[in-house]
Structures are given as structure tokens and as C-alpha cells.
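Below is input35.pdb, which holds PDB, C-alpha atoms, pLDDT in the B column.
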```pdb
MODEL        1
ATOM      1  CA  GLN A   1     -96.546  -3.769-100.128  1.00 52.00           C
ATOM      2  CA  GLN A   2     -97.450  -4.600 -96.580  1.00 60.00           C
ATOM      3  CA  GLN A   3    -100.286  -7.073 -96.570  1.00 88.00           C
ATOM      4  CA  VAL A   4    -100.804  -7.223 -92.799  1.00 94.00           C
ATOM      5  CA  LYS A   5    -100.816  -3.979 -90.817  1.00 96.00           C
ATOM      6  CA  GLN A   6    -100.330  -4.217 -87.065  1.00 97.00           C
ATOM      7  CA  SER A   7    -100.854  -1.603 -84.363  1.00 97.00           C
ATOM      8  CA  PRO A   8     -99.744  -0.270 -82.018  1.00 97.00           C
ATOM      9  CA  GLN A   9     -95.991  -0.602 -82.401  1.00 96.00           C
ATOM     10  CA  SER A  10     -95.575  -0.592 -78.625  1.00 97.00           C
ATOM     11  CA  LEU A  11     -97.953  -0.915 -75.696  1.00 98.00           C
ATOM     12  CA  ILE A  12     -97.603  -0.384 -71.968  1.00 98.00           C
ATOM     13  CA  VAL A  13    -100.251  -1.925 -69.725  1.00 98.00           C
ATOM     14  CA  GLN A  14    -100.594  -2.148 -65.974  1.00 98.00           C
ATOM     15  CA  LYS A  15    -100.672  -5.556 -64.346  1.00 98.00           C
ATOM     16  CA  GLY A  16    -104.236  -6.864 -64.363  1.00 98.00           C
ATOM     17  CA  GLY A  17    -105.275  -4.711 -67.301  1.00 98.00           C
ATOM     18  CA  ILE A  18    -106.370  -5.715 -70.799  1.00 98.00           C
ATOM     19  CA  SER A  19    -103.867  -5.593 -73.657  1.00 98.00           C
ATOM     20  CA  ILE A  20    -105.301  -5.171 -77.140  1.00 98.00           C
ATOM     21  CA  ILE A  21    -103.338  -5.503 -80.370  1.00 98.00           C
ATOM     22  CA  ASN A  22    -104.962  -4.952 -83.732  1.00 98.00           C
ATOM     23  CA  CYS A  23    -104.225  -6.222 -87.211  1.00 98.00           C
ATOM     24  CA  ALA A  24    -105.759  -5.500 -90.599  1.00 97.00           C
ATOM     25  CA  TYR A  25    -105.254  -7.370 -93.814  1.00 96.00           C
ATOM     26  CA  GLU A  26    -105.874  -6.646 -97.472  1.00 93.00           C
ATOM     27  CA  ASN A  27    -105.885  -9.995 -99.230  1.00 90.00           C
ATOM     28  CA  THR A  28    -109.328 -11.598 -98.908  1.00 89.00           C
ATOM     29  CA  ALA A  29    -107.806 -14.963 -99.820  1.00 86.00           C
ATOM     30  CA  PHE A  30    -106.126 -15.178 -96.390  1.00 88.00           C
ATOM     31  CA  ASP A  31    -107.836 -17.892 -94.369  1.00 85.00           C
ATOM     32  CA  TYR A  32    -105.528 -18.624 -91.465  1.00 87.00           C
ATOM     33  CA  PHE A  33    -104.562 -16.015 -88.878  1.00 92.00           C
ATOM     34  CA  PRO A  34    -102.032 -16.983 -86.188  1.00 92.00           C
ATOM     35  CA  TRP A  35    -100.459 -14.888 -83.462  1.00 96.00           C
ATOM     36  CA  TYR A  36     -96.876 -15.465 -82.441  1.00 96.00           C
ATOM     37  CA  GLN A  37     -95.230 -14.457 -79.163  1.00 98.00           C
ATOM     38  CA  GLN A  38     -91.520 -13.678 -78.947  1.00 97.00           C
ATOM     39  CA  PHE A  39     -89.539 -13.259 -75.745  1.00 97.00           C
ATOM     40  CA  PRO A  40     -86.160 -11.468 -75.823  1.00 93.00           C
ATOM     41  CA  GLY A  41     -83.405 -13.716 -77.139  1.00 92.00           C
ATOM     42  CA  LYS A  42     -85.846 -16.330 -78.389  1.00 95.00           C
ATOM     43  CA  GLY A  43     -87.533 -17.207 -81.641  1.00 96.00           C
ATOM     44  CA  PRO A  44     -91.258 -16.538 -82.085  1.00 96.00           C
ATOM     45  CA  ALA A  45     -93.651 -19.272 -80.936  1.00 95.00           C
ATOM     46  CA  LEU A  46     -97.260 -19.885 -81.882  1.00 93.00           C
ATOM     47  CA  LEU A  47     -99.644 -18.470 -79.283  1.00 95.00           C
ATOM     48  CA  ILE A  48    -103.117 -18.863 -80.773  1.00 93.00           C
ATOM     49  CA  ALA A  49    -104.680 -18.994 -84.242  1.00 90.00           C
ATOM     50  CA  ILE A  50    -108.077 -18.551 -85.854  1.00 90.00           C
ATOM     51  CA  ARG A  51    -109.839 -19.293 -89.138  1.00 87.00           C
ATOM     52  CA  PRO A  52    -112.450 -16.902 -90.573  1.00 86.00           C
ATOM     53  CA  ASP A  53    -115.352 -19.290 -90.048  1.00 87.00           C
ATOM     54  CA  VAL A  54    -115.463 -18.234 -86.382  1.00 89.00           C
ATOM     55  CA  SER A  55    -115.589 -14.721 -84.912  1.00 93.00           C
ATOM     56  CA  GLU A  56    -113.762 -15.440 -81.681  1.00 95.00           C
ATOM     57  CA  LYS A  57    -111.374 -17.974 -80.211  1.00 95.00           C
ATOM     58  CA  LYS A  58    -110.326 -18.087 -76.582  1.00 96.00           C
ATOM     59  CA  GLU A  59    -107.451 -19.937 -74.941  1.00 95.00           C
ATOM     60  CA  GLY A  60    -107.015 -19.076 -71.294  1.00 96.00           C
ATOM     61  CA  ARG A  61    -106.388 -15.332 -70.966  1.00 98.00           C
ATOM     62  CA  PHE A  62    -105.792 -14.928 -74.705  1.00 97.00           C
ATOM     63  CA  THR A  63    -108.643 -14.223 -77.136  1.00 97.00           C
ATOM     64  CA  ILE A  64    -108.638 -13.560 -80.874  1.00 96.00           C
ATOM     65  CA  SER A  65    -111.549 -11.525 -82.223  1.00 96.00           C
ATOM     66  CA  PHE A  66    -112.108 -11.716 -85.977  1.00 95.00           C
ATOM     67  CA  ASN A  67    -114.160  -9.370 -88.164  1.00 94.00           C
ATOM     68  CA  LYS A  68    -114.262 -10.757 -91.675  1.00 93.00           C
ATOM     69  CA  SER A  69    -116.232  -7.894 -93.242  1.00 93.00           C
ATOM     70  CA  ALA A  70    -113.791  -5.312 -91.876  1.00 95.00           C
ATOM     71  CA  LYS A  71    -110.780  -7.528 -92.637  1.00 95.00           C
ATOM     72  CA  GLN A  72    -109.515  -7.045 -89.119  1.00 96.00           C
ATOM     73  CA  PHE A  73    -108.523  -9.270 -86.240  1.00 97.00           C
ATOM     74  CA  SER A  74    -107.234  -8.528 -82.786  1.00 98.00           C
ATOM     75  CA  LEU A  75    -105.547 -10.163 -79.828  1.00 98.00           C
ATOM     76  CA  HIS A  76    -106.890  -9.483 -76.339  1.00 98.00           C
ATOM     77  CA  ILE A  77    -104.859 -10.431 -73.289  1.00 98.00           C
ATOM     78  CA  MET A  78    -107.008 -10.378 -70.181  1.00 98.00           C
ATOM     79  CA  ASP A  79    -105.540  -9.868 -66.707  1.00 98.00           C
ATOM     80  CA  SER A  80    -102.166  -8.996 -68.258  1.00 98.00           C
ATOM     81  CA  GLN A  81     -99.135 -10.158 -66.272  1.00 98.00           C
ATOM     82  CA  PRO A  82     -95.473  -9.040 -66.298  1.00 97.00           C
ATOM     83  CA  GLY A  83     -94.661 -12.476 -67.764  1.00 97.00           C
ATOM     84  CA  ASP A  84     -96.702 -11.504 -70.831  1.00 98.00           C
ATOM     85  CA  SER A  85     -94.132  -8.815 -71.680  1.00 98.00           C
ATOM     86  CA  ALA A  86     -92.940  -9.811 -75.138  1.00 98.00           C
ATOM     87  CA  THR A  87     -93.233  -8.886 -78.788  1.00 97.00           C
ATOM     88  CA  TYR A  88     -96.399 -10.103 -80.482  1.00 98.00           C
ATOM     89  CA  PHE A  89     -96.743 -10.717 -84.214  1.00 97.00           C
ATOM     90  CA  CYS A  90     -99.945 -11.271 -86.097  1.00 96.00           C
ATOM     91  CA  ALA A  91     -99.720 -13.214 -89.345  1.00 93.00           C
ATOM     92  CA  ALA A  92    -101.827 -14.476 -92.213  1.00 91.00           C
ATOM     93  CA  SER A  93    -101.613 -17.185 -94.806  1.00 85.00           C
ATOM     94  CA  ILE A  94    -103.619 -18.913 -97.501  1.00 79.00           C
ATOM     95  CA  SER A  95    -104.436 -22.608 -97.228  1.00 71.00           C
ATOM     96  CA  GLY A  96    -104.364 -24.806-100.260  1.00 65.00           C
ATOM     97  CA  ALA A  97    -101.804 -26.295-102.574  1.00 57.00           C
ATOM     98  CA  GLY A  98     -99.451 -23.793-104.152  1.00 59.00           C
ATOM     99  CA  SER A  99     -99.482 -21.265-101.339  1.00 60.00           C
ATOM    100  CA  TYR A 100     -96.511 -21.361 -99.061  1.00 65.00           C
ATOM    101  CA  GLN A 101     -96.060 -17.985 -97.429  1.00 77.00           C
ATOM    102  CA  LEU A 102     -96.815 -16.777 -93.939  1.00 84.00           C
ATOM    103  CA  THR A 103     -97.058 -12.974 -93.944  1.00 89.00           C
ATOM    104  CA  PHE A 104     -96.268 -11.238 -90.654  1.00 92.00           C
ATOM    105  CA  GLY A 105     -97.221  -7.868 -89.237  1.00 94.00           C
ATOM    106  CA  LYS A 106     -94.424  -5.631 -87.964  1.00 95.00           C
ATOM    107  CA  GLY A 107     -94.897  -6.593 -84.339  1.00 96.00           C
ATOM    108  CA  THR A 108     -96.050  -5.000 -81.093  1.00 97.00           C
ATOM    109  CA  LYS A 109     -93.763  -4.741 -78.092  1.00 97.00           C
ATOM    110  CA  LEU A 110     -95.882  -5.233 -74.982  1.00 98.00           C
ATOM    111  CA  SER A 111     -94.635  -4.170 -71.569  1.00 98.00           C
ATOM    112  CA  VAL A 112     -96.743  -5.071 -68.548  1.00 98.00           C
ATOM    113  CA  ILE A 113     -95.728  -3.047 -65.519  1.00 97.00           C
ATOM    114  CA  PRO A 114     -96.369  -4.206 -61.947  1.00 93.00           C
TER     115      PRO A 114
ATOM    116  CA  GLU B   1     -86.876 -32.886 -78.142  1.00 84.00           C
ATOM    117  CA  ALA B   2     -88.499 -31.380 -81.246  1.00 83.00           C
ATOM    118  CA  GLN B   3     -86.504 -28.368 -82.295  1.00 94.00           C
ATOM    119  CA  VAL B   4     -85.032 -26.153 -84.971  1.00 97.00           C
ATOM    120  CA  THR B   5     -81.316 -25.562 -84.475  1.00 97.00           C
ATOM    121  CA  GLN B   6     -79.423 -22.658 -85.972  1.00 97.00           C
ATOM    122  CA  ASN B   7     -75.695 -22.103 -85.921  1.00 97.00           C
ATOM    123  CA  PRO B   8     -73.948 -19.929 -85.130  1.00 97.00           C
ATOM    124  CA  ARG B   9     -75.983 -17.861 -82.661  1.00 97.00           C
ATOM    125  CA  TYR B  10     -73.745 -14.830 -83.100  1.00 97.00           C
ATOM    126  CA  LEU B  11     -71.483 -13.902 -85.988  1.00 97.00           C
ATOM    127  CA  ILE B  12     -69.400 -10.852 -86.795  1.00 97.00           C
ATOM    128  CA  THR B  13     -67.872 -10.794 -90.245  1.00 96.00           C
ATOM    129  CA  VAL B  14     -66.371  -8.379 -92.746  1.00 97.00           C
ATOM    130  CA  THR B  15     -67.886  -7.148 -95.968  1.00 97.00           C
ATOM    131  CA  GLY B  16     -67.481  -9.600 -98.822  1.00 97.00           C
ATOM    132  CA  LYS B  17     -66.475 -12.656 -96.824  1.00 97.00           C
ATOM    133  CA  LYS B  18     -68.765 -15.543 -97.721  1.00 97.00           C
ATOM    134  CA  LEU B  19     -70.636 -17.129 -94.827  1.00 97.00           C
ATOM    135  CA  THR B  20     -73.189 -19.848 -94.202  1.00 98.00           C
ATOM    136  CA  VAL B  21     -75.759 -20.031 -91.415  1.00 98.00           C
ATOM    137  CA  THR B  22     -76.932 -23.568 -90.840  1.00 98.00           C
ATOM    138  CA  CYS B  23     -80.459 -24.668 -89.925  1.00 98.00           C
ATOM    139  CA  SER B  24     -81.544 -28.166 -89.000  1.00 98.00           C
ATOM    140  CA  GLN B  25     -84.902 -29.545 -87.833  1.00 97.00           C
ATOM    141  CA  ASN B  26     -85.637 -32.956 -86.328  1.00 96.00           C
ATOM    142  CA  MET B  27     -89.406 -33.030 -86.894  1.00 93.00           C
ATOM    143  CA  ASN B  28     -89.448 -34.376 -90.469  1.00 92.00           C
ATOM    144  CA  HIS B  29     -91.089 -31.146 -91.594  1.00 90.00           C
ATOM    145  CA  GLU B  30     -91.611 -30.489 -95.286  1.00 88.00           C
ATOM    146  CA  TYR B  31     -91.662 -26.710 -95.160  1.00 89.00           C
ATOM    147  CA  MET B  32     -88.706 -24.571 -94.084  1.00 93.00           C
ATOM    148  CA  SER B  33     -88.037 -20.873 -94.396  1.00 94.00           C
ATOM    149  CA  TRP B  34     -85.652 -18.079 -93.486  1.00 97.00           C
ATOM    150  CA  TYR B  35     -86.649 -14.712 -92.066  1.00 96.00           C
ATOM    151  CA  ARG B  36     -84.787 -11.615 -91.085  1.00 97.00           C
ATOM    152  CA  GLN B  37     -85.981  -9.447 -88.222  1.00 96.00           C
ATOM    153  CA  ASP B  38     -85.162  -5.757 -88.127  1.00 95.00           C
ATOM    154  CA  PRO B  39     -86.431  -3.068 -85.713  1.00 91.00           C
ATOM    155  CA  GLY B  40     -89.666  -1.550 -86.971  1.00 89.00           C
ATOM    156  CA  LEU B  41     -89.860  -3.934 -89.920  1.00 92.00           C
ATOM    157  CA  GLY B  42     -90.901  -7.144 -88.192  1.00 91.00           C
ATOM    158  CA  LEU B  43     -90.231 -10.533 -89.770  1.00 94.00           C
ATOM    159  CA  ARG B  44     -89.566 -10.579 -93.474  1.00 94.00           C
ATOM    160  CA  GLN B  45     -89.257 -13.799 -95.403  1.00 93.00           C
ATOM    161  CA  ILE B  46     -86.050 -14.319 -97.367  1.00 96.00           C
ATOM    162  CA  TYR B  47     -86.480 -17.758 -98.949  1.00 95.00           C
ATOM    163  CA  TYR B  48     -88.615 -20.795 -98.361  1.00 92.00           C
ATOM    164  CA  SER B  49     -88.559 -24.448 -99.339  1.00 92.00           C
ATOM    165  CA  MET B  50     -91.552 -26.704 -99.871  1.00 87.00           C
ATOM    166  CA  ASN B  51     -89.457 -29.888 -99.882  1.00 88.00           C
ATOM    167  CA  VAL B  52     -86.083 -31.289-100.912  1.00 93.00           C
ATOM    168  CA  GLU B  53     -84.674 -29.501-103.962  1.00 92.00           C
ATOM    169  CA  VAL B  54     -87.696 -27.153-104.091  1.00 90.00           C
ATOM    170  CA  THR B  55     -87.056 -23.556-103.031  1.00 93.00           C
ATOM    171  CA  ASP B  56     -88.508 -20.163-103.868  1.00 91.00           C
ATOM    172  CA  LYS B  57     -87.916 -16.497-103.131  1.00 93.00           C
ATOM    173  CA  GLY B  58     -89.656 -14.716-100.320  1.00 90.00           C
ATOM    174  CA  ASP B  59     -90.047 -10.960 -99.957  1.00 89.00           C
ATOM    175  CA  VAL B  60     -86.364  -9.971 -99.535  1.00 95.00           C
ATOM    176  CA  PRO B  61     -84.174 -12.547-101.356  1.00 97.00           C
ATOM    177  CA  GLU B  62     -81.506 -10.203-102.768  1.00 97.00           C
ATOM    178  CA  GLY B  63     -78.006 -11.074-101.575  1.00 97.00           C
ATOM    179  CA  TYR B  64     -78.965 -14.510-100.225  1.00 98.00           C
ATOM    180  CA  LYS B  65     -78.885 -18.085-101.462  1.00 98.00           C
ATOM    181  CA  VAL B  66     -80.324 -21.286-100.033  1.00 98.00           C
ATOM    182  CA  SER B  67     -80.223 -24.984-100.760  1.00 96.00           C
ATOM    183  CA  ARG B  68     -82.306 -27.965 -99.624  1.00 97.00           C
ATOM    184  CA  LYS B  69     -80.373 -31.140-100.356  1.00 97.00           C
ATOM    185  CA  GLU B  70     -81.752 -32.985 -97.345  1.00 96.00           C
ATOM    186  CA  LYS B  71     -85.151 -32.668 -95.717  1.00 95.00           C
ATOM    187  CA  ARG B  72     -83.758 -31.714 -92.316  1.00 97.00           C
ATOM    188  CA  ASN B  73     -81.260 -29.026 -93.408  1.00 98.00           C
ATOM    189  CA  PHE B  74     -81.811 -25.609 -94.959  1.00 98.00           C
ATOM    190  CA  PRO B  75     -78.643 -23.469 -94.929  1.00 98.00           C
ATOM    191  CA  LEU B  76     -78.637 -19.755 -95.675  1.00 98.00           C
ATOM    192  CA  ILE B  77     -75.689 -18.542 -97.717  1.00 98.00           C
ATOM    193  CA  LEU B  78     -74.427 -14.977 -98.010  1.00 98.00           C
ATOM    194  CA  GLU B  79     -71.956 -15.006-100.912  1.00 96.00           C
ATOM    195  CA  SER B  80     -70.754 -11.436-100.405  1.00 97.00           C
ATOM    196  CA  PRO B  81     -72.206  -9.972 -97.202  1.00 98.00           C
ATOM    197  CA  SER B  82     -72.766  -6.237 -96.942  1.00 98.00           C
ATOM    198  CA  PRO B  83     -73.492  -4.033 -93.900  1.00 98.00           C
ATOM    199  CA  ASN B  84     -77.189  -3.790 -94.844  1.00 97.00           C
ATOM    200  CA  GLN B  85     -77.454  -7.522 -94.151  1.00 98.00           C
ATOM    201  CA  THR B  86     -76.690  -6.911 -90.483  1.00 98.00           C
ATOM    202  CA  SER B  87     -79.780  -8.367 -88.851  1.00 98.00           C
ATOM    203  CA  LEU B  88     -81.302 -11.076 -86.667  1.00 98.00           C
ATOM    204  CA  TYR B  89     -82.028 -14.174 -88.730  1.00 98.00           C
ATOM    205  CA  PHE B  90     -84.534 -16.913 -87.970  1.00 98.00           C
ATOM    206  CA  CYS B  91     -85.049 -20.283 -89.542  1.00 97.00           C
ATOM    207  CA  ALA B  92     -88.487 -21.871 -89.234  1.00 95.00           C
ATOM    208  CA  SER B  93     -90.097 -25.155 -90.177  1.00 93.00           C
ATOM    209  CA  SER B  94     -93.612 -26.538 -90.298  1.00 88.00           C
ATOM    210  CA  LEU B  95     -95.128 -29.888 -91.186  1.00 82.00           C
ATOM    211  CA  SER B  96     -96.936 -28.255 -94.047  1.00 72.00           C
ATOM    212  CA  LEU B  97     -98.216 -24.806 -94.871  1.00 62.00           C
ATOM    213  CA  TRP B  98    -101.064 -25.619 -97.158  1.00 57.00           C
ATOM    214  CA  ALA B  99    -102.719 -28.546 -95.445  1.00 51.00           C
ATOM    215  CA  GLY B 100    -104.405 -26.181 -93.041  1.00 52.00           C
ATOM    216  CA  GLY B 101    -104.979 -26.280 -89.319  1.00 54.00           C
ATOM    217  CA  ALA B 102    -102.463 -27.830 -86.956  1.00 54.00           C
ATOM    218  CA  ASN B 103    -100.050 -28.670 -89.732  1.00 60.00           C
ATOM    219  CA  THR B 104     -99.337 -25.015 -90.341  1.00 74.00           C
ATOM    220  CA  GLU B 105     -97.681 -24.130 -87.007  1.00 83.00           C
ATOM    221  CA  ALA B 106     -94.224 -22.699 -87.659  1.00 88.00           C
ATOM    222  CA  PHE B 107     -91.436 -23.684 -85.269  1.00 93.00           C
ATOM    223  CA  PHE B 108     -88.630 -21.151 -85.060  1.00 96.00           C
ATOM    224  CA  GLY B 109     -84.977 -21.532 -84.202  1.00 97.00           C
ATOM    225  CA  GLN B 110     -83.261 -19.399 -81.557  1.00 96.00           C
ATOM    226  CA  GLY B 111     -81.967 -16.915 -84.085  1.00 97.00           C
ATOM    227  CA  THR B 112     -78.588 -15.857 -85.471  1.00 98.00           C
ATOM    228  CA  ARG B 113     -77.440 -12.320 -84.856  1.00 98.00           C
ATOM    229  CA  LEU B 114     -75.246 -11.307 -87.774  1.00 98.00           C
ATOM    230  CA  THR B 115     -73.107  -8.172 -87.887  1.00 98.00           C
ATOM    231  CA  VAL B 116     -71.337  -7.232 -91.122  1.00 98.00           C
ATOM    232  CA  VAL B 117     -68.659  -4.557 -90.733  1.00 97.00           C
TER     233      VAL B 117
ENDMDL
END
```
As C-alpha cells, what does this structure read like?
Amino acid sequence: QQQVKQSPQSLIVQKGGISIINCAYENTAFDYFPWYQQFPGKGPALLIAIRPDVSEKKEGRFTISFNKSAKQFSLHIMDSQPGDSATYFCAASISGAGSYQLTFGKGTKLSVIP
Amino acid sequence: EAQVTQNPRYLITVTGKKLTVTCSQNMNHEYMSWYRQDPGLGLRQIYYSMNVEVTDKGDVPEGYKVSRKEKRNFPLILESPSPNQTSLYFCASSLSLWAGGANTEAFFGQGTRLTVV
């Protein structure tokens, strides 16, 4: 059972455009939502993360929007650059003793064309 | 330099020949885990370890074994590899997963591409 659904599977955006990747979750106990970025030949690396007590978090050109009632969160990449071309994974986990799993979405391959 | 090191990076083996993929971290992290990455399926957790001698199954543990005898090392063992275990494998570690906040960042190794023929 997939607990975190990610869309789209692939995305092509022109340089300077906005890239938007969406994720939806089912388990209301999730309380930590990170996004990981993976370049070809590399392991994933943490990009940005959010907790459900805020609706938005921004770091440079990257913004997470969080909608707790809809159980959805999304990654927005403003002014997308060719260097942003990578695979992006959303994830979710539960804080607190006894919970040790980070559940990932299936990933979105982003291509930013010049 | 803080890092997670996997070896080997590439491995081609034959069905049934036991193999071990090593993983080592130098950050004194408590939590370590193994994932496999397959096209269209994303990252799926195989096993994880909360500390030395404490391990548990993830979502796809069949055909794999792990051990955590030392805090820094978390090897993945395939006792009798089969072609359906051909995949890209990642080891990851984090300071903690349940403390919340900054302690939960997962650091990934470079990956091991395994082909079983």
C-alpha cells in the first residue's frame, strides 16, 4: 500500500519557468515532510522539509506548500534552471519514539530545458 | 568529511552466489537503513536499524539480511541472489529518526548498482 503518492512521474519545464510537484499522503500521523533531490549517479540529498504546523516554507527558489486538511503538499521551484534537472522525491515520517520509517513517493524526473 | 560509504559501486554476479554490500558512516549516527531504487517504483526500504544489534524489516525485506554489530557499519547480505534483485541500492544514515527536526535528515551513500544474471 503506497502511503505517499507523487505526481507527475516526469516534468519538462522551460528555463525560468515554475516547476510544481505534488504529493498526497494517507496517514494522518505523518508529521514531517522532507523533499529529496537526486542527481544522476548520486544518492538523494535533503533539499527542504516542512512540519504541518506551517502552511509554507521557502528556501531560496524552493518552496513547500502544505495543506493539512487535504493531506497534500507540493514543491515549487521558481525560476527553474537547467541545473535543477534531477529526480525529486517527497517523503513522510512520524516523529516520536518507536517510529523509524521514512516513506518515499515514487519520484518525479524534472528536466529543465534552456 | 561527513559521509556514507558504500562498496562496491558496481557488481555483476550470478544467481545463487552469496554477496555482501558494505555500508559505513562516520557521523556517529544511530539510525541506518537500506533502500532499493527501481524505475517507476522509487525508493523502497529493505531493512533499517535503530542502533547496534537492533534491526527491523522495511517494506521489501524478502531475500535480504542485515547485521549491525558496530554503530558505523550496516552491511546488506544477499544469501542467494536472484535476477529480481537486480537494482540500485542505497544505504542511508541519520542521527535519529524520531527526535524530530534537524536530527531526521537522512544522508545517502553513492549507491551500488547490482546486476544478477
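Across the structure, CA of Ser55 (chain A) and CA of Ala92 (chain B) are spaced 28.4 Å apart.
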| message | Only residues of chain A matter here; which ones have an atom within 12 Å of chain B, counting all atoms listed in the file? Give them as a PyMOL selection string. | response | chain A and resi 1-10+30-51+87-109
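Here CA of Ile77 (chain B) stands at a distance of 10.8 Å from CA of Trp34 (chain B).
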| request: Can you give me, as a list of chain:residue names, the residues this file yields under the PyMOL selection byres ((chain B and resi 80-84) around 6)? | output: B:Thr15, B:Gly16, B:Lys17, B:Lys18, B:Leu78, B:Glu79, B:Gln85, B:Thr86, B:Val116, B:Val117
| Which of these, B:Leu88, B:Cys23, B:Val66, B:Val60, has the shortest distance to Thr115 (chain B) once you count all atoms listed in the file? |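 Ranked by minimum distance to Thr115 (chain B), first place goes to B:Leu88.
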| remark: In terms of only C-alpha atoms, the residue from A:Val112, A:Ala86, A:Met78, A:Ile64 at minimal distance from Asn22 (chain A) is A:Ile64
| Hits of the PyMOL selection byres ((chain A and resi 68-76) around 8) in this structure, as a ChimeraX atom specification | /A:18-26,28,35,52,55,61-67,77-78
Residue subset to file, keeping C-alpha atoms, as a PDB file, in the coordinates of the input:
```
ATOM      1  CA  ILE A  18    -106.370  -5.715 -70.799  1.00 98.00           C
ATOM      2  CA  SER A  19    -103.867  -5.593 -73.657  1.00 98.00           C
ATOM      3  CA  ILE A  20    -105.301  -5.171 -77.140  1.00 98.00           C
ATOM      4  CA  ILE A  21    -103.338  -5.503 -80.370  1.00 98.00           C
ATOM      5  CA  ASN A  22    -104.962  -4.952 -83.732  1.00 98.00           C
ATOM      6  CA  CYS A  23    -104.225  -6.222 -87.211  1.00 98.00           C
ATOM      7  CA  ALA A  24    -105.759  -5.500 -90.599  1.00 97.00           C
ATOM      8  CA  TYR A  25    -105.254  -7.370 -93.814  1.00 96.00           C
ATOM      9  CA  GLU A  26    -105.874  -6.646 -97.472  1.00 93.00           C
ATOM     10  CA  THR A  28    -109.328 -11.598 -98.908  1.00 89.00           C
ATOM     11  CA  TRP A  35    -100.459 -14.888 -83.462  1.00 96.00           C
ATOM     12  CA  PRO A  52    -112.450 -16.902 -90.573  1.00 86.00           C
ATOM     13  CA  SER A  55    -115.589 -14.721 -84.912  1.00 93.00           C
ATOM     14  CA  ARG A  61    -106.388 -15.332 -70.966  1.00 98.00           C
ATOM     15  CA  PHE A  62    -105.792 -14.928 -74.705  1.00 97.00           C
ATOM     16  CA  THR A  63    -108.643 -14.223 -77.136  1.00 97.00           C
ATOM     17  CA  ILE A  64    -108.638 -13.560 -80.874  1.00 96.00           C
ATOM     18  CA  SER A  65    -111.549 -11.525 -82.223  1.00 96.00           C
ATOM     19  CA  PHE A  66    -112.108 -11.716 -85.977  1.00 95.00           C
ATOM     20  CA  ASN A  67    -114.160  -9.370 -88.164  1.00 94.00           C
ATOM     21  CA  ILE A  77    -104.859 -10.431 -73.289  1.00 98.00           C
ATOM     22  CA  MET A  78    -107.008 -10.378 -70.181  1.00 98.00           C
TER      23      MET A  78
END
```
| field | Point-to-point distance from CA of Leu114 (chain B) to CA of Thr5 (chain B), Å rounded to tenths | value |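 One can read the CA of Leu114 (chain B) to CA of Thr5 (chain B) distance as 15.8 Å.
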